[in-house]
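Participant: The following block contains the structure, expressed as structure tokens.
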Amino acid sequence: MNIGSSLGSLRTELPGSTRDAVRLGTGLMDGFSLFDSPIGEVVVGFNIRGVSFVDLATDFDPDASLRKAVAATPPKGWEAKIDRAIERGRPGDLPVDLRSVTEFQRTVLEVAATIPFGEVRPYGWLADQIGNRGAVRAVGSTMAKNPVPLVIPCHRVVRSDGRIGNYSLGGADNKTALLGREGVDIERLATLAARRVRFLGSDTTHVFCLPTCSHARRISDAHLVELKSAEQGVAAGFRPCKVCRPA
């Protein structure tokens, strides 16, 4: 299906303002619009509560997905917020509607939204942050079902063994492209993962971090200590970083 012609055929003149037009809908995605992103054009769906849907334009099928949604301009002031959210990989002040997910998934996604630009966190870290270390598989499933990728940066969540893993928005290549754009050293992560190194410590500060933590990037090779577990770090006299909270 030609996404351009499909979207064009759905653009209709609606009475009242765009905000009023969106209110005519009754679903989670009452309106949608096209936006540029680092991995190509994306469709962003929204309702009066917030953005509720993001997908690659090439994968979007209006006939299957729209129901009562209409091609429309987002409510006043949202376009700039959507652009910023996509550029920075975090919601910021953009309203996001997560009613399509469970309460557990919402909690996980809210934590994922805090991962800094240029850094990654493993599934196990997310599970630890929500107080449920046994939920690693459920965390992975939540990332795969993230309704608003790019806005909530599930591309910054990697497998618990440190490998990059897959990505719901176009696969591992897009994930690698996004992380590379943010300055993540993909090759180094792969090398550490192959050696089962999960944390990096400094023998001067006696602090250990996740590999992409801003503090870990400051450790010189002469003072770098590779650790395979948090337990190994603690036993060797290191304490966990208060910024990246390794777990």
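Naming scheme: A, B, ... for chains in displayed order of the structure tokens; residues 1 onward per chain; ligands 1 onward as shown.
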For stretch 165-167 of chain A, work out the shell of residues within 12 Å, counting only C-alpha atoms and skipping chain neighbours fewer than 2 positions away, then give it as a ChimeraX atom specification.

Facilitator: /A:55,120-123,140-146,149-150,153-163,169-179,186,189-190,193

Participant: Neighbouring residues of A:Val225 were defined as those with any atom within 7 Å, considering only C-alpha atoms; residues of the same chain fewer than 3 positions away were excluded. Please report them as a PyMOL selection string.

Facilitator: chain A and resi 200-203

Participant: Pull C-alpha atoms from the residues just selected and write them as an mmCIF file, in the first residue's frame.

Facilitator:
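Okay, part35.cif is ready:
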```cif
data_model
loop_
_atom_site.group_PDB
_atom_site.id
_atom_site.type_symbol
_atom_site.label_atom_id
_atom_site.label_comp_id
_atom_site.auth_asym_id
_atom_site.auth_seq_id
_atom_site.Cartn_x
_atom_site.Cartn_y
_atom_site.Cartn_z
ATOM 1 C CA LEU A 200 32.784 -1.126 34.758
ATOM 2 C CA GLY A 201 34.518 0.066 37.918
ATOM 3 C CA SER A 202 37.162 2.641 38.745
ATOM 4 C CA ASP A 203 40.011 1.665 41.054
#
```

Participant: Apply DSSP to the backbone of this structure and, from stretch 123-178 of chain A, keep only the residues in alpha helix (DSSP H); write these as a list of chain:residue names.

Facilitator: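 DSSP-assigned alpha helix (DSSP H) residues in stretch 123-178 of chain A: A:Tyr123, A:Gly124, A:Trp125, A:Leu126, A:Ala127, A:Asp128, A:Gln129, A:Val136, A:Arg137, A:Ala138, A:Val139, A:Gly140, A:Ser141, A:Thr142, A:Met143, A:Ala144, A:Ala172, A:Asp173, A:Asn174, A:Lys175, A:Thr176, A:Ala177, A:Leu178.
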
Participant: Work out how far atom CA of A:Arg88 is from atom CA of A:Val197, in Å to one decimal.

Facilitator: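 Taking atom CA of A:Val197 as the start and atom CA of A:Arg88 as the end point, the length is 28.4 Å.
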
Participant: Please determine, counting only C-alpha atoms, which residue among A:His206, A:Arg99, A:Arg137, A:Lys228 has the shortest atom-to-atom distance to A:Phe46.

Facilitator: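 Looking only at the distances to A:Phe46, the closest residue turns out to be A:Arg99.
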
Participant: Determine the nearest neighbour of A:Val139 from the options A:Asp36, A:Asp30, A:Asp83, A:Glu110, counting only C-alpha atoms.

Facilitator: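 Between A:Asp36, A:Asp30, A:Asp83, A:Glu110, the residue approaching A:Val139 most closely is A:Glu110.
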
Participant: What gap, in Å, lies between atom CA of A:Ser168 and atom CA of A:Ile39?

Facilitator: 12.6 Å

Participant: Of the residues A:Ala235, A:Pro95, A:Thr205, A:Thr212, which is the one nearest to A:Asp185, using only C-alpha atoms?

Facilitator: A:Thr212

Participant: As an exercise, work out the distance from atom CA of A:Val108 to atom CA of A:Val42 in Å and give it to one decimal place.

Facilitator: 23.4 Å
